[in-house]
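Below is upload-v2.cif, which holds mmCIF, C-alpha atoms.
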```cif
data_protein
#
loop_
_atom_site.label_atom_id
_atom_site.label_comp_id
_atom_site.auth_asym_id
_atom_site.auth_seq_id
_atom_site.Cartn_x
_atom_site.Cartn_y
_atom_site.Cartn_z
CA MET Y 9 1.89 -1.15 13.04
CA ASP Y 10 2.84 -0.36 16.63
CA LEU Y 11 3.32 3.20 17.85
CA ASN Y 12 7.11 2.98 18.16
CA ALA Y 13 7.59 1.76 14.59
CA ARG Y 14 5.18 4.41 13.32
CA THR Y 15 7.15 7.11 15.15
CA VAL Y 16 10.48 5.87 13.81
CA ILE Y 17 9.16 5.77 10.25
CA PHE Y 18 7.68 9.26 10.60
CA LEU Y 19 10.97 10.69 11.93
CA LEU Y 20 13.00 8.95 9.23
CA THR Y 21 10.63 10.28 6.58
CA ILE Y 22 11.10 13.82 7.90
CA LEU Y 23 14.88 13.30 7.94
CA PHE Y 24 14.90 11.96 4.38
CA LEU Y 25 12.76 14.79 3.05
CA GLY Y 26 14.84 17.36 4.94
CA LEU Y 27 18.09 16.00 3.52
CA LEU Y 28 16.55 15.88 0.08
CA ALA Y 29 15.38 19.49 0.34
CA GLY Y 30 18.89 20.57 1.35
CA PHE Y 31 20.56 18.71 -1.51
CA LEU Y 32 20.88 21.84 -3.66
CA LEU Y 33 21.12 24.30 -0.79
CA ILE Y 34 24.13 22.94 1.10
CA PRO Y 35 26.63 21.44 -1.35
CA VAL Y 36 29.72 19.77 0.14
CA PRO Y 37 31.30 18.23 -2.97
CA SER Y 38 34.49 17.06 -1.25
CA PHE Y 39 32.76 15.00 1.45
CA SER Y 40 31.80 11.94 -0.62
CA GLY Y 41 35.44 11.03 -1.30
CA THR Y 42 36.55 11.20 2.33
CA LEU Y 43 36.82 8.22 4.66
CA PRO Y 44 33.67 9.14 6.63
CA GLY Y 45 31.84 9.90 3.40
CA ASN Y 46 32.69 6.52 1.90
CA LEU Y 47 31.86 4.61 5.08
CA ILE Y 48 28.46 6.34 5.24
CA GLY Y 49 27.89 5.50 1.58
CA LEU Y 50 28.74 1.84 2.14
CA ALA Y 51 26.42 1.71 5.15
CA GLY Y 52 23.65 3.18 3.01
CA MET Y 53 24.29 0.55 0.35
CA LEU Y 54 23.99 -2.24 2.94
CA PHE Y 55 20.68 -0.87 4.18
CA ILE Y 56 19.36 -0.67 0.61
CA GLY Y 57 20.47 -4.26 0.06
CA TYR Y 58 18.69 -5.33 3.23
CA THR Y 59 15.37 -4.08 1.85
CA LEU Y 60 15.46 -6.86 -0.77
CA LEU Y 61 15.40 -9.48 1.99
CA TYR Y 62 11.80 -8.51 2.76
CA SER Y 63 10.69 -9.35 -0.78
CA PHE Y 64 12.74 -12.56 -0.77
CA ARG Y 65 11.20 -13.76 2.50
CA LYS Y 66 7.70 -12.79 1.37
CA ARG Y 67 7.65 -14.07 -2.21
CA VAL Y 68 10.12 -16.96 -2.03
CA LEU Y 69 9.88 -18.19 1.57
CA GLY Y 70 6.22 -17.25 1.97
CA ARG Y 71 6.75 -15.40 5.24
CA LYS Y 72 4.22 -12.70 5.94
CA GLY Y 73 2.92 -10.63 8.82
CA ARG Y 74 4.95 -10.83 12.01
CA GLN Y 75 7.36 -13.31 10.45
CA ASN Y 76 8.39 -10.65 7.95
CA PRO Y 77 7.50 -7.14 9.21
CA LEU Y 78 7.03 -4.50 6.54
CA ASN Y 79 8.20 -1.90 9.07
CA HIS Y 80 11.77 -3.23 8.91
CA HIS Y 81 11.73 -2.89 5.14
CA VAL Y 82 10.51 0.71 5.29
CA ILE Y 83 12.93 1.70 8.08
CA ALA Y 84 15.88 0.14 6.26
CA GLY Y 85 14.95 1.87 3.00
CA LEU Y 86 14.61 5.31 4.60
CA THR Y 87 17.82 4.85 6.60
CA GLY Y 88 19.80 3.72 3.57
CA ALA Y 89 18.44 6.54 1.40
CA SER Y 90 19.24 9.15 4.06
CA LEU Y 91 22.79 7.85 4.46
CA ILE Y 92 23.34 7.93 0.71
CA ILE Y 93 22.14 11.54 0.54
CA ILE Y 94 24.64 12.42 3.28
CA HIS Y 95 27.36 10.49 1.44
CA SER Y 96 26.64 12.41 -1.76
CA GLY Y 97 27.76 15.61 -0.09
CA HIS Y 98 24.73 17.36 -1.59
CA ALA Y 99 26.55 17.64 -4.90
CA TYR Y 100 26.44 15.97 -8.32
CA ALA Y 101 29.29 13.58 -9.05
CA SER Y 102 29.68 10.95 -11.78
CA LEU Y 103 26.92 10.19 -14.26
CA ASN Y 104 26.36 6.73 -12.76
CA GLY Y 105 26.25 8.18 -9.24
CA THR Y 106 23.79 10.87 -10.32
CA LEU Y 107 21.52 8.35 -12.04
CA ALA Y 108 21.67 6.07 -9.00
CA PHE Y 109 20.78 9.00 -6.76
CA LEU Y 110 17.81 10.00 -8.90
CA ALA Y 111 16.63 6.38 -9.10
CA MET Y 112 16.90 6.06 -5.33
CA VAL Y 113 14.83 9.19 -4.72
CA THR Y 114 12.17 8.02 -7.17
CA ILE Y 115 11.97 4.56 -5.59
CA VAL Y 116 11.76 5.87 -2.02
CA LEU Y 117 9.14 8.53 -2.75
CA SER Y 118 6.99 6.17 -4.82
CA GLY Y 119 7.38 3.45 -2.19
CA LEU Y 120 6.22 5.76 0.57
CA GLY Y 121 3.26 6.88 -1.53
CA ALA Y 122 2.30 3.32 -2.45
CA ARG Y 123 2.59 2.17 1.16
CA PHE Y 124 0.31 4.96 2.38
CA LEU Y 125 -2.32 4.50 -0.33
CA LEU Y 126 -2.20 0.70 -0.22
CA GLY Y 127 -2.72 0.82 3.54
CA LYS Y 128 -5.78 3.01 3.08
CA ILE Y 129 -7.16 0.74 0.36
CA SER Y 130 -6.55 -2.44 2.37
CA ARG Y 131 -8.29 -1.04 5.44
CA SER Y 132 -11.25 0.18 3.35
CA LEU Y 133 -11.50 -3.17 1.60
CA LYS Y 134 -11.45 -5.04 4.90
CA ASN Y 135 -14.15 -2.79 6.39
CA GLN Y 136 -16.39 -3.06 3.33
CA LYS Y 137 -16.11 -6.85 3.22
CA ARG Y 138 -17.08 -6.95 6.88
CA ASP Y 139 -20.02 -4.59 6.25
CA VAL Y 140 -21.32 -6.54 3.25
CA ALA Y 141 -21.13 -9.81 5.22
CA GLU Y 142 -23.22 -8.25 7.99
CA MET Y 143 -25.71 -6.83 5.49
CA ARG Y 144 -26.10 -10.23 3.81
CA LYS Y 145 -26.92 -11.82 7.17
CA GLU Y 146 -29.44 -9.08 7.88
CA LEU Y 147 -30.90 -9.52 4.40
CA GLN Y 148 -31.43 -13.25 4.98
CA VAL Y 149 -33.17 -12.54 8.27
CA LYS Y 150 -35.50 -9.97 6.70
CA LYS Y 151 -36.29 -12.28 3.78
CA SER Y 152 -37.32 -15.01 6.18
CA GLN Y 153 -39.66 -12.62 7.99
CA ILE Y 154 -41.52 -11.38 4.89
CA ASP Y 155 -43.85 -13.21 2.57
CA LYS Y 156 -42.14 -12.93 -0.81
CA ALA Y 157 -45.32 -13.14 -2.85
CA THR Y 158 -46.99 -10.41 -0.85
CA CYS Y 159 -43.90 -8.23 -1.04
CA ALA Y 160 -43.72 -8.78 -4.80
CA ARG Y 161 -47.32 -7.67 -5.14
CA ILE Y 162 -46.84 -4.56 -3.05
CA LEU Y 163 -43.65 -3.46 -4.75
CA GLU Y 164 -44.96 -4.44 -8.20
CA LEU Y 165 -41.96 -6.64 -8.78
CA GLU Y 166 -41.89 -9.72 -10.93
CA GLY Y 167 -42.68 -12.73 -8.84
CA SER Y 168 -45.12 -15.49 -8.07
CA TRP Y 169 -47.97 -13.58 -6.52
CA GLU Y 170 -50.88 -14.78 -8.63
CA ASN Y 171 -52.45 -16.60 -5.68
CA VAL Y 172 -52.30 -13.65 -3.32
CA ASP Y 173 -55.64 -12.23 -2.41
CA GLU Y 174 -55.61 -8.62 -3.58
CA GLU Y 175 -57.40 -7.33 -0.52
CA ASP Y 176 -54.96 -9.07 1.85
CA ALA Y 177 -51.95 -7.83 -0.08
CA ALA Y 178 -53.31 -4.34 -0.42
CA LEU Y 179 -51.78 -2.75 1.12
CA ASP Y 180 -50.72 -3.06 4.60
CA PRO Y 181 -48.41 -0.12 5.34
CA VAL Y 182 -46.36 -2.18 7.79
CA ILE Y 183 -45.71 -4.90 5.20
CA ALA Y 184 -44.97 -2.24 2.59
CA ALA Y 185 -42.44 -0.59 4.90
CA HIS Y 186 -40.70 -3.93 5.53
CA CYS Y 187 -40.58 -4.57 1.80
CA ASP Y 188 -39.03 -1.15 1.19
CA GLU Y 189 -36.39 -1.88 3.83
CA LEU Y 190 -35.65 -5.21 2.18
CA VAL Y 191 -35.16 -3.60 -1.24
CA ALA Y 192 -33.02 -0.79 0.20
CA LEU Y 193 -30.81 -3.31 2.00
CA ALA Y 194 -30.44 -5.41 -1.15
CA ARG Y 195 -29.39 -2.32 -3.09
CA SER Y 196 -26.85 -1.46 -0.40
CA VAL Y 197 -25.37 -4.95 -0.69
CA VAL Y 198 -25.04 -4.61 -4.46
CA GLU Y 199 -23.49 -1.12 -4.24
CA THR Y 200 -21.00 -2.25 -1.61
CA GLU Y 201 -20.05 -5.28 -3.72
CA TYR Y 202 -19.39 -2.98 -6.68
CA ALA Y 203 -17.21 -0.80 -4.45
CA ILE Y 204 -15.31 -3.87 -3.25
CA GLU Y 205 -14.64 -4.88 -6.86
CA GLY Y 206 -13.26 -1.40 -7.56
CA PHE Y 207 -10.98 -1.49 -4.52
CA GLU Y 208 -9.77 -4.98 -5.42
CA ARG Y 209 -8.88 -3.84 -8.94
CA THR Y 210 -7.00 -0.86 -7.51
CA LYS Y 211 -5.20 -3.10 -5.02
CA ALA Y 212 -4.22 -5.43 -7.86
CA LEU Y 213 -2.63 -2.47 -9.67
CA PHE Y 214 -0.65 -1.58 -6.54
CA ASP Y 215 0.47 -5.20 -6.23
CA LYS Y 216 1.85 -4.97 -9.76
CA TRP Y 217 3.59 -1.71 -8.89
CA LEU Y 218 5.18 -3.38 -5.85
CA LYS Y 219 6.73 -5.96 -8.16
CA VAL Y 220 8.15 -3.14 -10.29
CA HIS Y 221 9.36 -1.51 -7.07
CA ILE Y 222 11.32 -4.66 -6.24
CA TYR Y 223 12.95 -4.82 -9.67
CA LEU Y 224 13.87 -1.14 -9.53
CA THR Y 225 15.43 -1.61 -6.10
CA ALA Y 226 17.55 -4.47 -7.46
CA ILE Y 227 18.63 -2.29 -10.38
CA LEU Y 228 19.42 0.55 -7.97
CA LEU Y 229 21.58 -1.75 -5.88
CA ALA Y 230 23.45 -2.81 -9.02
CA MET Y 231 24.00 0.85 -9.96
CA ILE Y 232 25.30 1.64 -6.48
CA SER Y 233 27.62 -1.36 -6.68
CA VAL Y 234 29.01 -0.09 -9.98
CA HIS Y 235 29.45 3.33 -8.39
CA VAL Y 236 31.39 1.81 -5.47
CA LEU Y 237 33.56 -0.33 -7.74
CA SER Y 238 34.31 2.71 -9.91
CA ALA Y 239 35.36 4.68 -6.85
CA VAL Y 240 37.67 1.85 -5.77
CA TYR Y 241 39.09 1.41 -9.28
CA TYR Y 242 39.87 5.07 -9.82
CA GLY Y 243 41.16 5.54 -6.29
CA LEU Y 244 39.75 7.05 -3.16
CA ARG Y 245 40.85 10.56 -2.34
CA TRP Y 246 41.25 9.85 1.35
CA LEU Y 247 44.02 7.28 0.69
CA PRO Y 248 47.63 8.63 0.87
#
```

Translate the structure described by the file into structure tokens.
Amino acid sequence: MDLNARTVIFLLTILFLGLLAGFLLIPVPSFSGTLPGNLIGLAGMLFIGYTLLYSFRKRVLGRKGRQNPLNHHVIAGLTGASLIIIHSGHAYASLNGTLAFLAMVTIVLSGLGARFLLGKISRSLKNQKRDVAEMRKELQVKKSQIDKATCARILELEGSWENVDEEDAALDPVIAAHCDELVALARSVVETEYAIEGFERTKALFDKWLKVHIYLTAILLAMISVHVLSAVYYGLRWLP
């Protein structure tokens, strides 16, 4: 993520959290029914709808990376959520509007949390896979430099060392040190592979959550649409 996008997302996050914190502190119940209030609400709805395009392009069209930047999805979601908070006038309205508002807040906060944690997990997984690949190469090099039978004899491991002369195998400290390094490196490879498995399982859980996140966003958009249609049906206060 480039610096400009990171800055925009950080500022929008601060704005969203600030508006959310002021929801109960600065009520303006008459604003949502005004012309500016409704236009802001509609703009917020469009931004929320735009966030679904990211999932459509990724999962249906198969576009990833630069072809379908995640930053645009996050920026649109934060912008839409902030506009809807402003539209709400920091006051409770209809039941459907209140439920849509609460659903929106839950989706945005959980999405931000999942994005942060998933980013950390993905970077850790990438680094550990790189490390284990390097350790495997080093392990192969060390194995080629050490006589396995002699090393098995020194470390008292199971192996084919019956033909090793006991005096020759006994016990050269240099060979013993190399054998210890070999065993320590092998253990490090195994431990890192276990850690990778754990991170992959965690990442799989986040991938499932992201699917739920998409469905919840679609439901939220439907709830907002019902809210808008209800406002139109029952009349807008700013009309003469």

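Note that the spacing between CA of Ile222 (chain Y) and CA of Asn135 (chain Y) amounts to 28.5 Å.
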
Matched chain/residue IDs from the PyMOL selection byres ((chain Y and resi 104) around 8), as a PyMOL selection string: chain Y and resi 102-103+105-108+231+234-235

Explicit residues for the PyMOL selection byres ((chain Y and resi 136) around 12) (as a list in words):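 Output of the PyMOL selection byres ((chain Y and resi 136) around 12): Ile129, Ser130, Arg131, Ser132, Leu133, Lys134, Asn135, Lys137, Arg138, Asp139, Val140, Ala141, Glu142, Met143, Ser196, Val197, Val198, Glu199, Thr200, Glu201, Tyr202, Ala203, Ile204, Glu205, Gly206, Phe207 and Glu208 of chain Y.
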
Selected residue of minimal separation from Leu47 (chain Y) among Y:Ala122, Y:Thr114, Y:Ser238, Y:Ser96, counting only C-alpha atoms: Y:Ser96

Answer key for the PyMOL selection byres ((chain Y and resi 62) around 10), residues as a list in words: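 Checking the PyMOL selection byres ((chain Y and resi 62) around 10) against this file, the residues are Tyr58, Thr59, Leu60, Leu61, Ser63, Phe64, Arg65, Lys66, Arg67, Val68, Leu69, Arg71, Lys72, Asn76, Pro77, Leu78, Asn79, His80, His81, Val82 and Ile222 of chain Y.
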
Between CA of Ile48 (chain Y) and CA of Leu228 (chain Y), distance in Å (one decimal):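 Taking CA of Ile48 (chain Y) as the start and CA of Leu228 (chain Y) as the end point, the length is 17.0 Å.
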
For Leu28 (chain Y), the nearest of the candidates Y:Ile154, Y:Val113, Y:Ile56, Y:Ala212, counting only C-alpha atoms: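 Of Y:Ile154, Y:Val113, Y:Ile56, Y:Ala212, the one nearest Leu28 (chain Y) is Y:Val113, counting only C-alpha atoms.
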
Spatial neighbours of Leu147 (chain Y), 8 Å, all atoms listed in the file, chain gap at least 5 places, as a PyMOL selection string: chain Y and resi 190+193-194

Protein/DNA/RNA residues near (17.4, 1.7, 5.5), cut 9 Å, all atoms listed in the file, as a list in words: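 Answer for this query, in the requested form: Gly52, Met53, Leu54, Phe55, Ile56, Gly57, Tyr58, Thr59, His80, His81, Val82, Ile83, Ala84, Gly85, Leu86, Thr87, Gly88, Ala89, Ser90 and Leu91 of chain Y.
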
Shortest interatomic distance to Gln153 (chain Y) - which of Y:Ala226, Y:Cys187, Y:Ala51, Y:Leu125, counting only C-alpha atoms: Y:Cys187

Å distance separating CA of Gly119 (chain Y) from CA of Ile232 (chain Y), one decimal place: 18.5 Å
